[in-house]
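Undergrad: Quick one, data31.tsv (TSV, C-alpha atoms and all ligand atoms):
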```tsv
chain	number	residue	atom	x	y	z
A	19	MET	CA	-31.75	-31.92	-56.60
A	20	ARG	CA	-34.30	-29.74	-58.39
A	21	ASN	CA	-36.68	-32.69	-58.70
A	22	ALA	CA	-36.34	-33.63	-55.05
A	23	VAL	CA	-36.65	-30.15	-53.57
A	24	GLY	CA	-39.23	-28.80	-56.03
A	25	LYS	CA	-40.16	-25.22	-55.19
A	26	GLU	CA	-39.23	-25.55	-51.50
A	27	LYS	CA	-36.23	-24.06	-49.73
A	28	ALA	CA	-33.35	-26.20	-48.50
A	29	ILE	CA	-30.41	-25.91	-46.21
A	30	ILE	CA	-27.13	-27.67	-46.77
A	31	ALA	CA	-24.60	-28.78	-44.19
A	32	VAL	CA	-21.01	-27.95	-45.17
A	33	SER	CA	-18.04	-29.27	-43.16
A	34	GLY	CA	-15.17	-28.04	-45.31
A	35	GLY	CA	-14.37	-31.52	-46.64
A	36	VAL	CA	-14.60	-32.45	-50.32
A	37	ASP	CA	-18.08	-34.08	-50.34
A	38	SER	CA	-20.02	-31.36	-48.59
A	39	SER	CA	-18.14	-28.61	-50.47
A	40	VAL	CA	-19.00	-30.22	-53.82
A	41	ALA	CA	-22.62	-30.78	-52.71
A	42	ALA	CA	-22.86	-27.11	-51.69
A	43	ALA	CA	-21.48	-25.94	-55.03
A	44	ILE	CA	-23.98	-28.13	-56.92
A	45	ALA	CA	-26.86	-27.08	-54.64
A	46	THR	CA	-26.12	-23.42	-55.30
A	47	LYS	CA	-26.07	-24.04	-59.06
A	48	ALA	CA	-29.30	-26.06	-58.87
A	49	LEU	CA	-31.36	-24.05	-56.38
A	50	GLY	CA	-29.93	-20.51	-56.49
A	51	LYS	CA	-31.48	-18.32	-53.80
A	52	ARG	CA	-33.52	-21.19	-52.33
A	53	ILE	CA	-30.44	-22.74	-50.74
A	54	HIS	CA	-29.04	-21.72	-47.36
A	55	CYS	CA	-25.51	-23.08	-46.78
A	56	VAL	CA	-24.54	-23.64	-43.17
A	57	PHE	CA	-21.12	-24.31	-41.71
A	58	VAL	CA	-21.43	-25.31	-38.07
A	59	ASP	CA	-18.42	-24.37	-36.01
A	60	THR	CA	-18.51	-27.18	-33.46
A	61	GLY	CA	-15.25	-26.13	-31.82
A	62	LEU	CA	-13.87	-29.33	-33.37
A	63	MET	CA	-12.80	-27.92	-36.71
A	64	ARG	CA	-9.26	-27.52	-38.05
A	65	LYS	CA	-7.23	-24.35	-37.52
A	66	GLY	CA	-8.75	-21.51	-39.58
A	67	GLU	CA	-11.27	-23.91	-41.18
A	68	ALA	CA	-14.35	-21.63	-41.00
A	69	LYS	CA	-12.52	-18.70	-42.60
A	70	GLN	CA	-10.87	-20.90	-45.23
A	71	ALA	CA	-14.06	-22.75	-46.16
A	72	LYS	CA	-15.96	-19.45	-46.41
A	73	ALA	CA	-13.36	-17.94	-48.75
A	74	MET	CA	-12.97	-21.12	-50.83
A	75	LEU	CA	-16.71	-21.55	-51.33
A	76	ALA	CA	-17.18	-17.84	-52.07
A	77	ARG	CA	-14.82	-18.37	-55.03
A	78	ALA	CA	-17.23	-21.10	-56.21
A	79	GLY	CA	-20.20	-18.72	-55.87
A	80	VAL	CA	-21.41	-20.26	-52.60
A	81	LYS	CA	-22.36	-18.07	-49.65
A	82	LEU	CA	-21.52	-19.86	-46.43
A	83	ASN	CA	-23.22	-18.93	-43.16
A	84	VAL	CA	-21.07	-19.82	-40.16
A	85	VAL	CA	-22.97	-20.79	-37.01
A	86	ASN	CA	-20.96	-20.89	-33.81
A	87	ALA	CA	-22.24	-23.83	-31.79
A	88	SER	CA	-19.13	-24.93	-29.91
A	89	ASP	CA	-20.75	-24.57	-26.46
A	90	ILE	CA	-23.60	-26.89	-27.47
A	91	PHE	CA	-21.18	-29.60	-28.69
A	92	PHE	CA	-18.67	-29.45	-25.83
A	93	ARG	CA	-21.48	-29.47	-23.26
A	94	ALA	CA	-23.18	-32.49	-24.86
A	95	LEU	CA	-19.89	-34.41	-25.17
A	96	PHE	CA	-18.74	-33.74	-21.61
A	97	GLY	CA	-17.72	-36.98	-19.89
A	98	VAL	CA	-18.53	-39.20	-22.90
A	99	SER	CA	-15.72	-41.49	-24.04
A	100	ASP	CA	-17.46	-44.26	-26.05
A	101	PRO	CA	-16.79	-43.60	-29.78
A	102	GLU	CA	-20.26	-44.63	-30.99
A	103	LYS	CA	-21.98	-42.55	-28.27
A	104	LYS	CA	-19.85	-39.57	-29.26
A	105	ARG	CA	-20.81	-39.98	-32.93
A	106	LYS	CA	-24.54	-40.24	-32.11
A	107	ILE	CA	-24.41	-37.13	-29.91
A	108	ILE	CA	-22.63	-35.19	-32.65
A	109	GLY	CA	-25.11	-36.35	-35.32
A	110	GLU	CA	-28.04	-35.35	-33.14
A	111	LYS	CA	-26.64	-31.93	-32.23
A	112	PHE	CA	-25.90	-31.16	-35.88
A	113	ILE	CA	-29.54	-31.84	-36.74
A	114	ARG	CA	-30.78	-29.62	-33.90
A	115	VAL	CA	-28.62	-26.76	-35.16
A	116	PHE	CA	-29.86	-27.33	-38.72
A	117	GLU	CA	-33.47	-27.41	-37.54
A	118	ALA	CA	-33.00	-24.03	-35.87
A	119	GLU	CA	-31.51	-22.66	-39.11
A	120	ALA	CA	-34.33	-24.22	-41.15
A	121	LYS	CA	-36.90	-22.53	-38.91
A	122	LYS	CA	-35.28	-19.15	-39.56
A	123	THR	CA	-35.27	-19.64	-43.32
A	124	GLY	CA	-38.39	-21.77	-43.87
A	125	ALA	CA	-36.33	-24.64	-45.35
A	126	LYS	CA	-38.10	-27.99	-45.66
A	127	PHE	CA	-35.13	-30.02	-46.93
A	128	LEU	CA	-31.71	-30.84	-45.52
A	129	ILE	CA	-29.12	-31.56	-48.22
A	130	GLN	CA	-26.09	-33.58	-47.12
A	131	GLY	CA	-22.91	-34.59	-48.92
A	132	THR	CA	-23.30	-38.23	-47.82
A	133	ILE	CA	-21.39	-40.67	-50.06
A	134	ALA	CA	-21.48	-44.45	-50.39
A	135	PRO	CA	-18.82	-45.38	-47.77
A	136	ASP	CA	-20.71	-43.30	-45.16
A	137	TRP	CA	-23.82	-45.47	-45.24
A	138	ILE	CA	-21.93	-48.69	-46.00
A	139	GLU	CA	-19.74	-48.27	-42.89
A	140	SER	CA	-22.78	-47.16	-40.86
A	141	GLY	CA	-24.29	-50.62	-41.34
A	142	GLY	CA	-26.41	-49.95	-44.46
A	143	GLY	CA	-27.84	-52.91	-46.40
A	144	SER	CA	-27.61	-55.29	-43.40
A	145	ARG	CA	-23.83	-54.84	-43.04
A	146	ASP	CA	-22.01	-54.72	-39.73
A	147	THR	CA	-21.68	-51.20	-38.31
A	148	ILE	CA	-18.01	-50.25	-38.50
A	149	LYS	CA	-18.74	-46.72	-37.31
A	150	SER	CA	-21.86	-44.56	-37.33
A	151	HIS	CA	-20.99	-41.78	-39.73
A	152	HIS	CA	-22.46	-38.66	-38.16
A	153	ASN	CA	-24.59	-37.91	-41.23
A	154	VAL	CA	-26.11	-41.41	-41.42
A	155	GLY	CA	-25.99	-43.58	-38.28
A	156	GLY	CA	-25.78	-40.44	-36.13
A	157	LEU	CA	-29.08	-39.00	-37.41
A	158	PRO	CA	-31.82	-38.85	-34.78
A	159	LYS	CA	-35.04	-40.84	-35.46
A	160	LYS	CA	-37.16	-37.69	-35.45
A	161	MET	CA	-36.19	-34.64	-37.45
A	162	GLY	CA	-38.23	-31.82	-38.86
A	163	MET	CA	-36.77	-31.88	-42.39
A	164	ARG	CA	-36.66	-34.20	-45.37
A	165	LEU	CA	-33.27	-35.48	-46.46
A	166	CYS	CA	-31.79	-35.03	-49.93
A	167	GLU	CA	-28.43	-36.75	-50.58
A	168	PRO	CA	-27.40	-36.30	-54.24
A	169	LEU	CA	-23.95	-37.93	-53.87
A	170	ARG	CA	-25.23	-40.98	-51.99
A	171	ASP	CA	-24.22	-43.57	-54.58
A	172	LEU	CA	-20.79	-42.12	-55.36
A	173	TYR	CA	-17.36	-42.89	-53.96
A	174	LYS	CA	-14.89	-40.12	-53.15
A	175	HIS	CA	-12.93	-40.35	-56.41
A	176	GLU	CA	-16.22	-40.13	-58.33
A	177	VAL	CA	-17.22	-37.01	-56.37
A	178	ARG	CA	-13.91	-35.50	-57.46
A	179	ILE	CA	-14.71	-36.35	-61.11
A	180	VAL	CA	-18.13	-34.65	-60.81
A	181	SER	CA	-16.46	-31.65	-59.26
A	182	ARG	CA	-13.91	-31.34	-62.09
A	183	LYS	CA	-16.67	-31.77	-64.72
A	184	LEU	CA	-18.57	-28.91	-63.09
A	185	GLY	CA	-15.49	-26.74	-63.49
A	186	LEU	CA	-14.92	-26.28	-59.76
A	187	ARG	CA	-11.40	-25.25	-58.79
A	188	SER	CA	-8.90	-27.84	-57.63
A	189	GLU	CA	-9.01	-26.32	-54.12
A	190	ILE	CA	-12.45	-27.98	-53.91
A	191	SER	CA	-12.14	-31.02	-56.20
A	192	GLU	CA	-8.76	-32.13	-54.81
A	193	ARG	CA	-9.45	-31.13	-51.22
A	194	GLN	CA	-8.29	-33.47	-48.50
A	195	PRO	CA	-11.23	-35.38	-46.98
A	196	PHE	CA	-12.25	-34.09	-43.57
A	197	PRO	CA	-14.78	-36.02	-41.45
A	198	GLY	CA	-18.04	-34.29	-40.51
A	199	PRO	CA	-17.54	-34.91	-36.77
A	200	GLY	CA	-14.22	-33.13	-37.20
A	201	LEU	CA	-11.48	-33.46	-34.63
A	202	ALA	CA	-13.86	-35.44	-32.38
A	203	VAL	CA	-12.85	-38.64	-34.22
A	204	ARG	CA	-9.18	-37.71	-33.72
A	205	ILE	CA	-9.46	-37.39	-29.94
A	206	VAL	CA	-9.55	-40.86	-28.45
A	207	GLY	CA	-11.79	-40.96	-25.38
A	208	GLU	CA	-13.30	-37.97	-23.63
A	209	ILE	CA	-13.31	-34.64	-25.48
A	210	THR	CA	-12.36	-31.39	-23.82
A	211	ARG	CA	-11.63	-27.93	-25.21
A	212	GLU	CA	-8.01	-28.37	-24.10
A	213	LYS	CA	-7.62	-31.62	-26.08
A	214	ALA	CA	-9.33	-30.07	-29.12
A	215	GLY	CA	-6.81	-27.22	-28.96
A	216	ILE	CA	-3.88	-29.67	-28.81
A	217	VAL	CA	-5.02	-31.82	-31.72
A	218	ARG	CA	-5.93	-28.74	-33.80
A	219	GLU	CA	-2.36	-27.41	-33.48
A	220	ALA	CA	-0.86	-30.85	-34.13
A	221	CYS	CA	-3.01	-31.33	-37.24
A	222	ALA	CA	-1.91	-27.95	-38.58
A	223	ILE	CA	1.77	-28.90	-38.10
A	224	VAL	CA	1.36	-32.30	-39.80
A	225	GLU	CA	-0.52	-30.74	-42.73
A	226	GLU	CA	2.09	-27.98	-43.15
A	227	GLU	CA	5.12	-30.27	-43.01
A	228	ILE	CA	3.68	-32.99	-45.26
A	229	ARG	CA	2.53	-30.42	-47.83
A	230	ALA	CA	6.03	-28.87	-47.75
A	231	ALA	CA	7.68	-32.29	-48.19
A	232	SER	CA	5.40	-33.07	-51.10
A	233	GLU	CA	6.02	-29.70	-52.77
A	234	ALA	CA	9.77	-30.31	-52.40
A	235	GLY	CA	9.33	-33.64	-54.25
A	236	LYS	CA	10.27	-35.71	-51.18
A	237	MET	CA	7.02	-37.65	-51.05
A	238	GLU	CA	3.73	-38.14	-52.84
A	239	LEU	CA	0.92	-36.09	-51.25
A	240	PRO	CA	-1.06	-38.61	-49.19
A	241	TRP	CA	-4.80	-39.02	-49.60
A	242	GLN	CA	-5.28	-37.85	-46.03
A	243	TYR	CA	-2.76	-36.67	-43.42
A	244	PHE	CA	-3.40	-35.46	-39.90
A	245	ALA	CA	-2.66	-35.87	-36.20
A	246	ALA	CA	-4.73	-37.55	-33.50
A	247	LEU	CA	-4.54	-37.48	-29.73
A	248	LEU	CA	-4.40	-40.47	-27.40
A	249	PRO	CA	-5.63	-39.96	-23.84
A	250	THR	CA	-2.55	-41.78	-22.57
A	251	LYS	CA	0.00	-39.61	-20.81
A	252	THR	CA	3.61	-40.76	-20.69
A	253	VAL	CA	6.67	-39.67	-18.78
A	254	GLY	CA	9.28	-37.44	-20.34
A	255	VAL	CA	11.84	-34.79	-19.51
A	256	ARG	CA	11.74	-31.07	-20.36
A	257	GLY	CA	14.89	-29.19	-19.46
A	258	ASP	CA	15.77	-30.69	-16.09
A	259	GLU	CA	12.22	-31.46	-15.12
A	260	ARG	CA	10.03	-34.52	-15.32
A	261	SER	CA	7.00	-34.12	-17.58
A	262	TYR	CA	3.83	-36.20	-17.91
A	263	GLN	CA	2.01	-35.33	-21.10
A	264	TYR	CA	-0.28	-36.46	-23.91
A	265	THR	CA	0.59	-38.66	-26.87
A	266	ILE	CA	0.14	-37.48	-30.47
A	267	VAL	CA	-0.27	-39.91	-33.37
A	268	VAL	CA	0.81	-38.92	-36.88
A	269	ARG	CA	-1.41	-40.55	-39.53
A	270	ALA	CA	-1.00	-40.32	-43.31
A	271	VAL	CA	-2.65	-42.72	-45.76
A	272	ARG	CA	-2.89	-43.46	-49.47
A	273	SER	CA	-6.34	-44.45	-50.72
A	274	LEU	CA	-8.73	-44.14	-53.62
A	275	ASP	CA	-12.11	-44.28	-51.96
A	276	GLY	CA	-11.46	-44.45	-48.21
A	277	MET	CA	-12.81	-48.03	-48.04
A	278	THR	CA	-9.27	-49.40	-47.87
A	279	ALA	CA	-6.04	-47.52	-47.26
A	280	ASN	CA	-2.30	-48.03	-46.89
A	281	PHE	CA	-0.16	-45.98	-44.57
A	282	SER	CA	2.05	-43.46	-46.39
A	283	CYS	CA	5.83	-43.60	-46.08
A	284	ILE	CA	6.85	-40.24	-44.64
A	285	PRO	CA	10.57	-39.50	-45.12
A	286	PRO	CA	12.59	-39.64	-41.85
A	287	GLU	CA	13.60	-35.96	-42.03
A	288	THR	CA	9.94	-34.92	-42.31
A	289	LEU	CA	9.01	-37.14	-39.37
A	290	GLN	CA	11.85	-35.56	-37.44
A	291	LYS	CA	10.55	-32.05	-38.20
A	292	ILE	CA	6.97	-32.97	-37.31
A	293	SER	CA	8.05	-34.52	-34.01
A	294	THR	CA	10.28	-31.60	-33.00
A	295	ARG	CA	7.66	-29.01	-33.92
A	296	ILE	CA	4.85	-30.81	-32.09
A	297	THR	CA	6.80	-31.23	-28.85
A	298	ASN	CA	8.30	-27.72	-29.04
A	299	GLU	CA	5.16	-25.83	-30.06
A	300	ILE	CA	2.56	-27.73	-28.06
A	301	ARG	CA	3.26	-27.60	-24.35
A	302	PHE	CA	0.95	-30.52	-23.51
A	303	ALA	CA	2.33	-32.95	-26.09
A	304	GLY	CA	5.10	-35.14	-24.72
A	305	ARG	CA	5.42	-37.97	-27.23
A	306	VAL	CA	4.83	-38.41	-30.97
A	307	LEU	CA	4.01	-41.79	-32.57
A	308	TYR	CA	3.80	-42.71	-36.27
A	309	ASP	CA	0.81	-44.89	-37.21
A	310	ILE	CA	1.91	-47.65	-39.61
A	311	THR	CA	-1.41	-49.50	-39.81
A	312	ASN	CA	-3.35	-50.12	-43.01
A	313	LYS	CA	-7.14	-50.16	-43.40
A	314	PRO	CA	-8.14	-52.92	-42.76
A	315	PRO	CA	-7.50	-53.79	-40.01
A	316	ALA	CA	-7.48	-50.17	-38.72
A	317	THR	CA	-9.76	-47.42	-40.01
A	318	VAL	CA	-8.42	-44.10	-41.30
A	319	GLU	CA	-9.65	-42.07	-38.33
A	320	LEU	CA	-9.03	-43.33	-34.80
A	321	GLU	CA	-12.68	-43.42	-33.74
B	401	LIG	P1	-12.61	-44.36	-41.73
B	401	LIG	O1	-12.13	-43.79	-40.43
B	401	LIG	O2	-14.03	-44.83	-41.67
B	401	LIG	O3	-12.60	-43.13	-42.73
B	401	LIG	O4	-11.70	-45.37	-42.29
B	401	LIG	C1	-12.85	-43.22	-44.12
B	401	LIG	C2	-13.05	-41.81	-44.61
B	401	LIG	O5	-14.28	-41.28	-44.08
B	401	LIG	C3	-14.03	-40.13	-43.27
B	401	LIG	N1	-14.95	-40.22	-42.14
B	401	LIG	C4	-16.10	-39.53	-42.05
B	401	LIG	N2	-16.62	-38.63	-42.88
B	401	LIG	N3	-18.48	-38.40	-41.41
B	401	LIG	C5	-17.82	-38.03	-42.54
B	401	LIG	O6	-18.30	-37.15	-43.25
B	401	LIG	C6	-18.01	-39.30	-40.54
B	401	LIG	O7	-18.64	-39.59	-39.51
B	401	LIG	C7	-16.74	-39.91	-40.89
B	401	LIG	N4	-15.97	-40.83	-40.27
B	401	LIG	C8	-14.87	-41.01	-41.07
B	401	LIG	C9	-12.57	-40.20	-42.90
B	401	LIG	O8	-12.02	-38.93	-42.63
B	401	LIG	C10	-11.98	-40.84	-44.15
B	401	LIG	O9	-11.79	-39.88	-45.15
```
As a first step, turn the structure in this file into structure tokens.
TA:
Amino acid sequence: MRNAVGKEKAIIAVSGGVDSSVAAAIATKALGKRIHCVFVDTGLMRKGEAKQAKAMLARAGVKLNVVNASDIFFRALFGVSDPEKKRKIIGEKFIRVFEAEAKKTGAKFLIQGTIAPDWIESGGGSRDTIKSHHNVGGLPKKMGMRLCEPLRDLYKHEVRIVSRKLGLRSEISERQPFPGPGLAVRIVGEITREKAGIVREACAIVEEEIRAASEAGKMELPWQYFAALLPTKTVGVRGDERSYQYTIVVRAVRSLDGMTANFSCIPPETLQKISTRITNEIRFAGRVLYDITNKPPATVELE
């Protein structure tokens, strides 16, 4: 990182997931005051994510600057339902926000926590594009900064090894992966603030209940566990009245590197709790499904 950036300043994009958090911790060690760490609140982050990421990274000596850009993202995504278009829009908007931050600070480099599966799945090395990861295939052709991607050749479990070797706390090294585009890839079809609110609450419930089940020794903590929202509404009954509401998917997978994954077996009583809490606590959720698909043929996220 020191070789690449030289005496220049750099900004780093942090999403709260393991790769970008580790990259930010390394960048701070390597570049000291010449690094400006940015967390973009796209409006598509998990519940309390900005606050949590800020506190967690502060404990690793990283100062995180939160930029609220939710209006920019929701406006750009309005009416767009194609998954690849959504990813490209998100990638482009991220860069525009970073460029504005770079202008303020005089940064010439953008450091990203890109890892091997990101560019492999984005069609790198003449492969088929499975999905354009926002930080690779979603990058616009023209941008006013040079890229520096120190984790580019590593897989997730190797990033965790680097993190442990650097003495970072387990809250960073063992952190659940979280995709850069955030909840956008967990909302199938068009994105609205209402849908983001629903999936944010549902994700929080799934995370809480699965963590509790794992702490009680009822199941192994999955590699990744979350909720997603389908645009399909189905008929139900609330009290004596007909309802017509959204469908939530519960997804939990075991994996080593995210390239392949098997669905996790969630105990029936935990599924029961998750389902009851989602339909009781989220007024617009009428049905809860459990995703029992491996990768391949599915991917971990729904878009
Ligand atoms: P998929 O859905 O491709 O996910 O099977 C594999 C792993 O990658 C994460 N993921 C992303 N991470 N930018 C990221 O930083 C992205 O655009 C992106 N898409 C998926 C996903 O959460 C899982 O851990």
Undergrad: With all atoms listed in the file counted, collect every polymer residue having an atom within 9 Å of ligand LIG 401 (chain B); state the result as a ChimeraX atom specification.
TA: /A:33,35,37-38,105,109,131-133,135-136,139-140,148-156,174,194-200,203,241-242,275-279,313-314,316-321
Undergrad: As an exercise, work out the distance from CA of Val40 (chain A) to CA of Ala231 (chain A) in Å and give it to one decimal place.
TA: 27.3 Å
Undergrad: Please work out which residues fall within 10 Å of (4.8, -39.5, -30.0), coordinates as given in the file, with all atoms listed in the file counting, and return them as a ChimeraX atom specification.
TA: /A:247-248,252,264-268,293,296-297,303-309
Undergrad: Tell me which residues come within 6 Å of (-23.8, -29.7, -30.2), as a list in words, counting all atoms listed in the file in the file's coordinates.
TA: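 In the file's frame, the residues around the point are Ile90, Phe91 and Lys111 of chain A.
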Undergrad: Could you list, as a PyMOL selection string, every residue within 12 Å of Ala234 (chain A), counting only C-alpha atoms and ignoring same-chain residues fewer than 5 positions away?
TA: chain A and resi 227-229+239+285+288
Undergrad: Do you have the CA of Val255 (chain A)-CA of Glu225 (chain A) distance handy?
TA: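 Spanning CA of Val255 (chain A) to CA of Glu225 (chain A) is a straight-line distance of 26.6 Å.
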Undergrad: Work out how far apart CA of Arg178 (chain A) and CA of Ile44 (chain A) are and give it in Å to one decimal.
TA: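 Between these atoms lies a distance of 12.5 Å.
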Undergrad: Kindly add N, CA, C and O atoms to the incomplete region 148-171 of chain A and provide the output as a compact mmCIF listing (two decimals), keeping the file's coordinate frame.
TA:
```txt
# COMPACT_ATOMS: atom_id res chain seq x y z
N ILE A 148 -19.42 -50.50 -38.82
CA ILE A 148 -18.01 -50.25 -38.50
C ILE A 148 -17.94 -49.00 -37.63
O ILE A 148 -17.32 -48.97 -36.58
N LYS A 149 -18.59 -47.93 -38.10
CA LYS A 149 -18.74 -46.72 -37.31
C LYS A 149 -19.95 -45.95 -37.84
O LYS A 149 -20.21 -45.97 -39.04
N SER A 150 -20.67 -45.30 -36.91
CA SER A 150 -21.86 -44.56 -37.33
C SER A 150 -21.44 -43.20 -37.86
O SER A 150 -21.18 -42.29 -37.08
N HIS A 151 -21.35 -43.08 -39.17
CA HIS A 151 -20.99 -41.78 -39.73
C HIS A 151 -22.05 -40.77 -39.27
O HIS A 151 -23.24 -41.08 -39.26
N HIS A 152 -21.58 -39.61 -38.85
CA HIS A 152 -22.46 -38.66 -38.16
C HIS A 152 -23.69 -38.30 -38.99
O HIS A 152 -24.74 -38.04 -38.47
N ASN A 153 -23.52 -38.34 -40.33
CA ASN A 153 -24.59 -37.91 -41.23
C ASN A 153 -25.52 -39.06 -41.63
O ASN A 153 -26.44 -38.86 -42.41
N VAL A 154 -25.25 -40.26 -41.12
CA VAL A 154 -26.11 -41.41 -41.42
C VAL A 154 -26.55 -42.06 -40.09
O VAL A 154 -27.64 -41.79 -39.60
N GLY A 155 -25.66 -42.88 -39.52
CA GLY A 155 -25.99 -43.58 -38.28
C GLY A 155 -26.18 -42.63 -37.11
O GLY A 155 -26.78 -42.99 -36.10
N GLY A 156 -25.65 -41.41 -37.23
CA GLY A 156 -25.78 -40.44 -36.13
C GLY A 156 -27.06 -39.62 -36.22
O GLY A 156 -27.32 -38.79 -35.35
N LEU A 157 -27.85 -39.80 -37.26
CA LEU A 157 -29.08 -39.00 -37.41
C LEU A 157 -30.12 -39.43 -36.38
O LEU A 157 -30.34 -40.61 -36.18
N PRO A 158 -30.77 -38.47 -35.73
CA PRO A 158 -31.82 -38.85 -34.78
C PRO A 158 -33.03 -39.43 -35.52
O PRO A 158 -33.22 -39.15 -36.71
N LYS A 159 -33.87 -40.21 -34.80
CA LYS A 159 -35.04 -40.84 -35.46
C LYS A 159 -36.03 -39.78 -35.93
O LYS A 159 -36.64 -39.91 -36.99
N LYS A 160 -36.18 -38.73 -35.09
CA LYS A 160 -37.16 -37.69 -35.45
C LYS A 160 -36.43 -36.43 -35.88
O LYS A 160 -35.58 -35.93 -35.15
N MET A 161 -36.72 -35.95 -37.07
CA MET A 161 -36.19 -34.64 -37.45
C MET A 161 -37.20 -33.92 -38.33
O MET A 161 -37.98 -34.55 -39.06
N GLY A 162 -37.18 -32.61 -38.21
CA GLY A 162 -38.23 -31.82 -38.86
C GLY A 162 -37.93 -31.45 -40.31
O GLY A 162 -38.48 -30.46 -40.78
N MET A 163 -37.08 -32.20 -40.99
CA MET A 163 -36.77 -31.88 -42.39
C MET A 163 -36.67 -33.16 -43.19
O MET A 163 -36.36 -34.21 -42.64
N ARG A 164 -36.86 -33.03 -44.51
CA ARG A 164 -36.66 -34.20 -45.37
C ARG A 164 -35.23 -34.18 -45.90
O ARG A 164 -34.68 -33.11 -46.17
N LEU A 165 -34.67 -35.39 -46.02
CA LEU A 165 -33.27 -35.48 -46.46
C LEU A 165 -33.14 -35.54 -47.98
O LEU A 165 -33.96 -36.16 -48.64
N CYS A 166 -32.10 -34.91 -48.50
CA CYS A 166 -31.79 -35.03 -49.93
C CYS A 166 -30.28 -35.25 -50.01
O CYS A 166 -29.50 -34.43 -49.52
N GLU A 167 -29.86 -36.39 -50.57
CA GLU A 167 -28.43 -36.75 -50.58
C GLU A 167 -28.00 -37.09 -52.01
O GLU A 167 -27.96 -38.27 -52.39
N PRO A 168 -27.67 -36.08 -52.81
CA PRO A 168 -27.40 -36.30 -54.24
C PRO A 168 -26.15 -37.13 -54.53
O PRO A 168 -26.03 -37.68 -55.62
N LEU A 169 -25.22 -37.22 -53.59
CA LEU A 169 -23.95 -37.93 -53.87
C LEU A 169 -23.95 -39.33 -53.26
O LEU A 169 -22.91 -40.00 -53.23
N ARG A 170 -25.09 -39.75 -52.78
CA ARG A 170 -25.23 -40.98 -51.99
C ARG A 170 -24.64 -42.24 -52.62
O ARG A 170 -24.16 -43.12 -51.93
N ASP A 171 -24.70 -42.33 -53.94
CA ASP A 171 -24.22 -43.57 -54.58
C ASP A 171 -22.79 -43.45 -55.10
O ASP A 171 -22.29 -44.36 -55.76
```
